[in-house]
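Contents: one structure, followed by commentary.
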Amino acid sequence: MLATQPQVQQTKHLKLISKTYQNNTDSDYTEKIRDLGNEYDYKINSNYYWGDPELSVLYGTPLYNVASNSQKLALNHLFWVANYNYIAASEANTSIYNSVTNGVFRNLGTYETLCQELDFETDQESYHIRTFQKIGFKTKMAIVGKTTLGNSVYTKSDKDNNNWFKSLIPDFVQEFFISSKGNSRFSIYRDNTLNAIAKTMLRDKQQYYSQYLRDLEEKGQPIPAPADGVGGLIAPRYWLKFFTTHWGMSPFMACQYYSLRYMANAVLKNQEYPYVKYFRELERKGEYIPAPTAVSYYHLMDEAFHTTISQTIGKDMYKDFPKPTAYEKFVSGQIIYMMQRNLLNGLSGVFPNRCVADDPLFMVFIYKLLKSSLFEMETKEALDWMEKCFCQEHEGFHVGLKYHQSLLESLQKFFGCLDYQWKINREMGIMASGGSISKALQNNVKTFKQFSESIIAST
Ligand SMILES: [Fe+2]
Ligand SMILES: [Fe+2]
């Protein structure tokens, strides 16, 4: 056993973990979420706001100001759906990493209650995801029908670029780098090389290697790496696989993963807490509580247990193990740096509570929404409105800045305590510099120009 810290400190967080596990298993929030998902009927909830009007797609934009009451209601509902679509994908990511790190904690012997809690959390996430998907699907179908609000416009232009690029490269080089099945020989070599580097650098920690990763190796399966949700945005998949080997091998790195999970918990709370306040207000007034609002409320209650666990492991439990090596510190720094640079890098002008810069995918979503049966716009009209919403200052950016500030404060408080982290991560320096309306507008002018050109070229 690697315990090097005073027994009293370890006892303190083991006690907190036991208490959290007890409270979590005693609660019935997951069952309530499951039932709300099973019984959900859009019609019963369609005439109510599910959260404050500022929790609406396009809130504060010039288009929102001229939208009809029924369009405003739909934008409030679609905002919930878009948020929870993203949350569902992120929770699917979490379930993988809970299992990876749990395999390390199990090998340590004295963290059995924690292992049970993590298994229980993974189980809870599967119920959360199912409810989010059920409500999301029924709502989307009722508002925009079968219209896909995805990214096919970009898939098309990527393919075109690829064809142009391909014509310049000899066939044998193409075969090495590109595969129609997704795994080129280059990507397999790259993944194997990165995996070998991680295992060499952590070779003294082999005895903690996660059973989850061992099982995958025995079956000849690759390490899973999400392409969407929080995980998919943080880093390319080969980086995620590389990091996963660390989280599944070193006790310190397994704990470090929970600082990343805390970030996801804080993002979620930032998105969800306004719904909880709205729920309490309706309850106080004795008014009807829409089912999605209730799901948000019970979900935040469930997630409060998960947040406590992330905090306890990420901020305290890692001290049970020997101090991180220079290599482990470097990898930990890189992970959080990428998290800031790729995920928490700006403000959105159209999704007020998301602290992510508007990118081409968001623009595709809005474009398809404006062309759907909800707005029925022609291409030129849609692009003209989009330019006003993305590229001109309006109230939506100011609401976004408010949410950005509250998330920044909670992350600075957490990461500021991690003495092994790089200064730019302790201070959340990259995220802080992204909290600027003028930077968001500059980014959007550039992105929108490329976006509108690609739309015009494809029509
Ligand atoms: Fe959840
Ligand atoms: Fe969770």
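Labels for the structure tokens follow display order: chains A, B, ..., residues from 1 in each chain, ligands from 1.
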Stretch 427-439 of chain A surroundings by only C-alpha atoms, 6 Å radius, close-in-sequence under 3 positions cut, as number ranges by chain:
A: 340, 344-346, 412, 424, 442
Selection to disk with C-alpha atoms, as an mmCIF file, in the first residue's frame:
```
data_model
loop_
_atom_site.group_PDB
_atom_site.id
_atom_site.type_symbol
_atom_site.label_atom_id
_atom_site.label_comp_id
_atom_site.auth_asym_id
_atom_site.auth_seq_id
_atom_site.Cartn_x
_atom_site.Cartn_y
_atom_site.Cartn_z
ATOM 1 C CA GLN A 340 -8.758 25.301 -21.316
ATOM 2 C CA LEU A 344 -13.251 26.738 -22.252
ATOM 3 C CA ASN A 345 -11.926 29.110 -24.850
ATOM 4 C CA GLY A 346 -14.565 31.778 -25.225
ATOM 5 C CA GLN A 412 -10.102 29.092 -10.283
ATOM 6 C CA ILE A 424 -1.605 29.048 -16.181
ATOM 7 C CA GLN A 442 -13.639 38.928 -33.729
#
```
Go through the chains and note each residue within 8 Å of ligand 2, using only C-alpha atoms and all ligand atoms, then give the set as a PyMOL selection string.
chain A and resi 91+94+121-122+124-125+265+302-303+306-307
Nearest residue to A:Ala291 from the set A:Ala264, A:Ile223, A:Leu347, A:Ile135 (distances using only C-alpha atoms):
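Answer, going by the shortest atom-to-atom distance: A:Ile135.
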For A:Gly103: contacts at 9 Å, only C-alpha atoms, fewer than 3 positions along chain excluded, given as a list in words
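Skipping anything fewer than 3 positions along the chain leaves Asn98, Ser99, Val100, Arg106, Asn107, Cys115, Tyr208, Tyr209, Ser210, Gln211, Tyr212, Leu213, Gly248 and Met249 of chain A.
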Nearby polymer residues, ligand 1, at most 12 Å, only C-alpha atoms and all ligand atoms, as a PyMOL selection string
chain A and resi 29-30+33-34+84-95+120-132+261+264-265+268-269+272+295-307
Go ahead and write the residues just picked, C-alpha atoms, as a PDB file, in the first residue's frame.
```
ATOM      1  CA  TYR A  29     -33.529  11.092  -7.465  1.00  0.00           C
ATOM      2  CA  THR A  30     -32.410   8.615 -10.138  1.00  0.00           C
ATOM      3  CA  ILE A  33     -35.499  10.991 -13.342  1.00  0.00           C
ATOM      4  CA  ARG A  34     -36.228   7.567 -14.872  1.00  0.00           C
ATOM      5  CA  TYR A  84     -28.867  17.834 -22.421  1.00  0.00           C
ATOM      6  CA  ASN A  85     -27.805  16.289 -25.688  1.00  0.00           C
ATOM      7  CA  TYR A  86     -24.317  17.528 -24.881  1.00  0.00           C
ATOM      8  CA  ILE A  87     -24.621  16.484 -21.225  1.00  0.00           C
ATOM      9  CA  ALA A  88     -25.714  12.960 -22.267  1.00  0.00           C
ATOM     10  CA  ALA A  89     -22.644  12.606 -24.502  1.00  0.00           C
ATOM     11  CA  SER A  90     -20.396  13.907 -21.708  1.00  0.00           C
ATOM     12  CA  GLU A  91     -21.884  11.477 -19.186  1.00  0.00           C
ATOM     13  CA  ALA A  92     -21.245   8.594 -21.579  1.00  0.00           C
ATOM     14  CA  ASN A  93     -17.570   9.734 -21.568  1.00  0.00           C
ATOM     15  CA  THR A  94     -17.610   9.848 -17.759  1.00  0.00           C
ATOM     16  CA  SER A  95     -18.856   6.264 -17.552  1.00  0.00           C
ATOM     17  CA  PHE A 120     -23.117   3.186  -8.658  1.00  0.00           C
ATOM     18  CA  GLU A 121     -22.496   6.549 -10.361  1.00  0.00           C
ATOM     19  CA  THR A 122     -21.890   4.835 -13.705  1.00  0.00           C
ATOM     20  CA  ASP A 123     -25.199   3.058 -13.290  1.00  0.00           C
ATOM     21  CA  GLN A 124     -26.954   6.332 -12.451  1.00  0.00           C
ATOM     22  CA  GLU A 125     -25.500   7.993 -15.556  1.00  0.00           C
ATOM     23  CA  SER A 126     -27.111   5.347 -17.751  1.00  0.00           C
ATOM     24  CA  TYR A 127     -30.554   6.323 -16.377  1.00  0.00           C
ATOM     25  CA  HIS A 128     -29.769  10.034 -16.759  1.00  0.00           C
ATOM     26  CA  ILE A 129     -28.672   9.550 -20.371  1.00  0.00           C
ATOM     27  CA  ARG A 130     -31.789   7.569 -21.279  1.00  0.00           C
ATOM     28  CA  THR A 131     -34.118  10.230 -19.865  1.00  0.00           C
ATOM     29  CA  PHE A 132     -32.255  13.079 -21.598  1.00  0.00           C
ATOM     30  CA  ARG A 261     -14.211  15.459 -14.023  1.00  0.00           C
ATOM     31  CA  ALA A 264     -17.296  18.776 -16.167  1.00  0.00           C
ATOM     32  CA  ASN A 265     -19.294  18.840 -12.897  1.00  0.00           C
ATOM     33  CA  LEU A 268     -22.936  21.118 -15.608  1.00  0.00           C
ATOM     34  CA  LYS A 269     -23.787  23.015 -12.430  1.00  0.00           C
ATOM     35  CA  GLU A 272     -28.245  23.370 -14.503  1.00  0.00           C
ATOM     36  CA  VAL A 295     -35.475  16.415 -14.528  1.00  0.00           C
ATOM     37  CA  SER A 296     -32.926  19.235 -14.275  1.00  0.00           C
ATOM     38  CA  TYR A 297     -33.723  19.643 -10.581  1.00  0.00           C
ATOM     39  CA  TYR A 298     -33.370  15.942  -9.682  1.00  0.00           C
ATOM     40  CA  HIS A 299     -30.332  15.574 -11.903  1.00  0.00           C
ATOM     41  CA  LEU A 300     -28.470  18.330 -10.094  1.00  0.00           C
ATOM     42  CA  MET A 301     -29.333  16.584  -6.802  1.00  0.00           C
ATOM     43  CA  ASP A 302     -27.808  13.327  -8.097  1.00  0.00           C
ATOM     44  CA  GLU A 303     -24.825  15.141  -9.553  1.00  0.00           C
ATOM     45  CA  ALA A 304     -24.128  16.891  -6.247  1.00  0.00           C
ATOM     46  CA  PHE A 305     -22.938  13.480  -4.950  1.00  0.00           C
ATOM     47  CA  HIS A 306     -20.731  13.028  -8.012  1.00  0.00           C
ATOM     48  CA  THR A 307     -19.275  16.523  -7.577  1.00  0.00           C
TER      49      THR A 307
END
```
Quick check, in Å to one decimal: how far apart do atom CA of A:Arg190 and atom CA of A:Tyr238 lie?
7.8 Å
Run DSSP on the backbone and tell me which residues of stretch 100-155 of chain A come out as alpha helix (DSSP H); list them as an MDAnalysis selection string.
chainID A and resid 100:108 112:144 152:155
Output for the residues just chosen: N, CA and C atoms as a compact mmCIF listing (two decimals), in the first residue's frame:
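Output saved as selection15.txt:
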```txt
# COMPACT_ATOMS: atom_id res chain seq x y z
N VAL A 100 -12.26 3.05 -15.98
CA VAL A 100 -10.80 2.98 -16.13
C VAL A 100 -10.12 3.23 -14.78
N THR A 101 -10.51 4.33 -14.12
CA THR A 101 -9.85 4.71 -12.87
C THR A 101 -10.26 3.79 -11.71
N ASN A 102 -11.49 3.31 -11.77
CA ASN A 102 -11.95 2.41 -10.73
C ASN A 102 -11.06 1.15 -10.67
N GLY A 103 -10.60 0.72 -11.86
CA GLY A 103 -9.71 -0.45 -11.93
C GLY A 103 -8.42 -0.21 -11.17
N VAL A 104 -7.93 1.04 -11.16
CA VAL A 104 -6.70 1.36 -10.41
C VAL A 104 -7.00 1.36 -8.91
N PHE A 105 -8.10 2.03 -8.53
CA PHE A 105 -8.43 2.12 -7.10
C PHE A 105 -8.68 0.72 -6.51
N ARG A 106 -9.26 -0.16 -7.31
CA ARG A 106 -9.53 -1.53 -6.83
C ARG A 106 -8.23 -2.25 -6.52
N ASN A 107 -7.20 -1.99 -7.33
CA ASN A 107 -5.92 -2.66 -7.10
C ASN A 107 -5.20 -2.15 -5.86
N LEU A 108 -5.67 -1.02 -5.31
CA LEU A 108 -5.01 -0.46 -4.12
C LEU A 108 -5.52 -1.08 -2.82
N GLU A 112 -12.47 0.36 -1.30
CA GLU A 112 -13.59 -0.43 -1.80
C GLU A 112 -14.91 0.38 -1.85
N THR A 113 -15.15 1.20 -0.80
CA THR A 113 -16.39 1.99 -0.81
C THR A 113 -16.40 2.97 -1.98
N LEU A 114 -15.24 3.55 -2.24
CA LEU A 114 -15.13 4.46 -3.38
C LEU A 114 -15.44 3.71 -4.68
N CYS A 115 -14.91 2.51 -4.81
CA CYS A 115 -15.15 1.72 -6.02
C CYS A 115 -16.64 1.43 -6.19
N GLN A 116 -17.30 1.13 -5.07
CA GLN A 116 -18.75 0.87 -5.14
C GLN A 116 -19.50 2.14 -5.55
N GLU A 117 -19.07 3.26 -4.98
CA GLU A 117 -19.70 4.54 -5.33
C GLU A 117 -19.52 4.82 -6.83
N LEU A 118 -18.33 4.61 -7.36
CA LEU A 118 -18.08 4.89 -8.78
C LEU A 118 -18.91 3.96 -9.68
N ASP A 119 -19.03 2.69 -9.28
CA ASP A 119 -19.88 1.77 -10.05
C ASP A 119 -21.33 2.25 -10.02
N PHE A 120 -21.75 2.70 -8.83
CA PHE A 120 -23.12 3.19 -8.66
C PHE A 120 -23.37 4.43 -9.52
N GLU A 121 -22.37 5.33 -9.55
CA GLU A 121 -22.50 6.55 -10.36
C GLU A 121 -22.64 6.19 -11.84
N THR A 122 -21.84 5.23 -12.29
CA THR A 122 -21.89 4.83 -13.71
C THR A 122 -23.29 4.32 -14.04
N ASP A 123 -23.86 3.57 -13.12
CA ASP A 123 -25.20 3.06 -13.29
C ASP A 123 -26.22 4.21 -13.35
N GLN A 124 -26.05 5.18 -12.46
CA GLN A 124 -26.95 6.33 -12.45
C GLN A 124 -26.88 7.09 -13.78
N GLU A 125 -25.65 7.24 -14.30
CA GLU A 125 -25.50 7.99 -15.56
C GLU A 125 -26.31 7.33 -16.67
N SER A 126 -26.39 6.00 -16.67
CA SER A 126 -27.11 5.35 -17.75
C SER A 126 -28.60 5.71 -17.70
N TYR A 127 -29.16 5.87 -16.49
CA TYR A 127 -30.55 6.32 -16.38
C TYR A 127 -30.69 7.79 -16.80
N HIS A 128 -29.71 8.61 -16.37
CA HIS A 128 -29.77 10.03 -16.76
C HIS A 128 -29.77 10.15 -18.28
N ILE A 129 -28.83 9.45 -18.91
CA ILE A 129 -28.67 9.55 -20.37
C ILE A 129 -29.97 9.14 -21.07
N ARG A 130 -30.56 8.05 -20.62
CA ARG A 130 -31.79 7.57 -21.28
C ARG A 130 -32.92 8.60 -21.18
N THR A 131 -33.06 9.21 -20.02
CA THR A 131 -34.12 10.23 -19.87
C THR A 131 -33.83 11.44 -20.75
N PHE A 132 -32.58 11.91 -20.75
CA PHE A 132 -32.26 13.08 -21.60
C PHE A 132 -32.57 12.77 -23.07
N GLN A 133 -32.22 11.55 -23.49
CA GLN A 133 -32.45 11.20 -24.90
C GLN A 133 -33.93 11.10 -25.23
N LYS A 134 -34.71 10.50 -24.31
CA LYS A 134 -36.14 10.36 -24.56
C LYS A 134 -36.81 11.73 -24.70
N ILE A 135 -36.53 12.61 -23.72
CA ILE A 135 -37.15 13.95 -23.75
C ILE A 135 -36.65 14.72 -24.97
N GLY A 136 -35.34 14.62 -25.22
CA GLY A 136 -34.73 15.35 -26.34
C GLY A 136 -35.35 14.93 -27.67
N PHE A 137 -35.50 13.63 -27.87
CA PHE A 137 -36.01 13.13 -29.15
C PHE A 137 -37.46 13.57 -29.38
N LYS A 138 -38.31 13.36 -28.36
CA LYS A 138 -39.73 13.71 -28.52
C LYS A 138 -39.90 15.22 -28.75
N THR A 139 -39.12 16.01 -28.04
CA THR A 139 -39.24 17.46 -28.16
C THR A 139 -38.78 17.93 -29.53
N LYS A 140 -37.63 17.44 -29.94
CA LYS A 140 -37.10 17.83 -31.25
C LYS A 140 -38.07 17.45 -32.36
N MET A 141 -38.61 16.24 -32.29
CA MET A 141 -39.56 15.79 -33.31
C MET A 141 -40.79 16.71 -33.35
N ALA A 142 -41.25 17.13 -32.16
CA ALA A 142 -42.45 17.98 -32.11
C ALA A 142 -42.18 19.37 -32.67
N ILE A 143 -40.96 19.86 -32.50
CA ILE A 143 -40.68 21.25 -32.91
C ILE A 143 -40.20 21.35 -34.36
N VAL A 144 -39.22 20.53 -34.73
CA VAL A 144 -38.68 20.66 -36.10
C VAL A 144 -38.82 19.38 -36.92
N SER A 152 -24.09 18.03 -41.44
CA SER A 152 -23.82 17.43 -42.75
C SER A 152 -23.21 18.42 -43.73
N VAL A 153 -23.49 19.71 -43.55
CA VAL A 153 -22.89 20.71 -44.45
C VAL A 153 -21.37 20.61 -44.37
N TYR A 154 -20.87 20.47 -43.14
CA TYR A 154 -19.42 20.41 -42.98
C TYR A 154 -18.82 19.08 -43.40
N THR A 155 -19.58 18.04 -43.23
CA THR A 155 -19.09 16.73 -43.67
C THR A 155 -18.81 16.79 -45.16
```
Give the answer as one residue: which of A:Asn342, A:Thr20, A:Thr110, A:Thr245 has the shortest atom-to-atom distance to A:Val230, using only C-alpha atoms?
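Looking at the shortest contact to A:Val230, the residue is A:Asn342.
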If we count only C-alpha atoms and set the cut-off at 12 Å, which residues sit around A:Ser332, ignoring sequence neighbours fewer than 3 positions away in its own chain? Please answer as a PyMOL selection string.
chain A and resi 242-244+246-247+250+252-260+314+324-329+335-339+415+418-422+425-426
Find the residues around A:Tyr48 up to 12 Å (only C-alpha atoms counted), leave out those fewer than 5 positions away in its own chain, and share them as a list of chain:residue names.
A:Tyr42, A:Lys43, A:Pro53, A:Asn69, A:Ser70, A:Lys72, A:Leu73, A:Ala74, A:Leu75, A:Asn76, A:His77, A:Leu282, A:Glu287, A:Tyr288, A:Ile289, A:Pro290, A:Ala291, A:Pro292, A:Thr293
Store the residues of this selection in a file with C-alpha atoms, as a PDB file, in the first residue's frame.
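Output contents, as saved in result-v5.pdb:
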```pdb
ATOM      1  CA  TYR A  42     -44.296  17.052 -25.030  1.00  0.00           C
ATOM      2  CA  LYS A  43     -47.862  18.287 -25.470  1.00  0.00           C
ATOM      3  CA  PRO A  53     -36.267  33.098 -20.974  1.00  0.00           C
ATOM      4  CA  ASN A  69     -44.276  33.955 -28.600  1.00  0.00           C
ATOM      5  CA  SER A  70     -44.541  30.386 -29.884  1.00  0.00           C
ATOM      6  CA  LYS A  72     -39.689  31.940 -28.172  1.00  0.00           C
ATOM      7  CA  LEU A  73     -41.189  28.998 -26.296  1.00  0.00           C
ATOM      8  CA  ALA A  74     -39.689  26.568 -28.837  1.00  0.00           C
ATOM      9  CA  LEU A  75     -36.259  28.241 -28.491  1.00  0.00           C
ATOM     10  CA  ASN A  76     -36.496  27.807 -24.727  1.00  0.00           C
ATOM     11  CA  HIS A  77     -37.295  24.093 -25.184  1.00  0.00           C
ATOM     12  CA  LEU A 282     -42.556  27.436  -9.447  1.00  0.00           C
ATOM     13  CA  GLU A 287     -47.484  26.485 -10.289  1.00  0.00           C
ATOM     14  CA  TYR A 288     -47.131  23.627 -12.780  1.00  0.00           C
ATOM     15  CA  ILE A 289     -43.568  22.329 -13.002  1.00  0.00           C
ATOM     16  CA  PRO A 290     -42.710  21.126 -16.534  1.00  0.00           C
ATOM     17  CA  ALA A 291     -41.194  17.624 -16.601  1.00  0.00           C
ATOM     18  CA  PRO A 292     -37.837  18.766 -18.116  1.00  0.00           C
ATOM     19  CA  THR A 293     -37.471  21.398 -15.356  1.00  0.00           C
TER      20      THR A 293
END
```
Which residues are close to A:Leu407, i.e. within 9 Å by only C-alpha atoms, leaving aside same-chain residues fewer than 2 positions away? Reply as number ranges by chain.
A: 266-267, 269-270, 355, 402-405, 409-412
I'd like to know which of A:Ser68, A:Thr61, A:Asn47, A:Thr148 is closest to A:Lys368, using only C-alpha atoms.
A:Thr148
If you count only C-alpha atoms, the residue of A:Asp52, A:Gly229, A:Ala357, A:Arg237 closest to A:Leu401 turns out to be A:Ala357
Ranking A:Ala235, A:Met317, A:Val276, A:Leu370 by minimum distance to A:Gln71 and counting only C-alpha atoms, which one comes first?
A:Leu370
Interatomic distance between atom CA of A:Ile234 and atom CA of A:Trp50?
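Taking atom CA of A:Ile234 as the start and atom CA of A:Trp50 as the end point, the length is 29.4 Å.
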Just give me the gap between atom CA of A:Cys391 and atom CA of A:Ala67 in Å, one decimal is fine.
18.8 Å
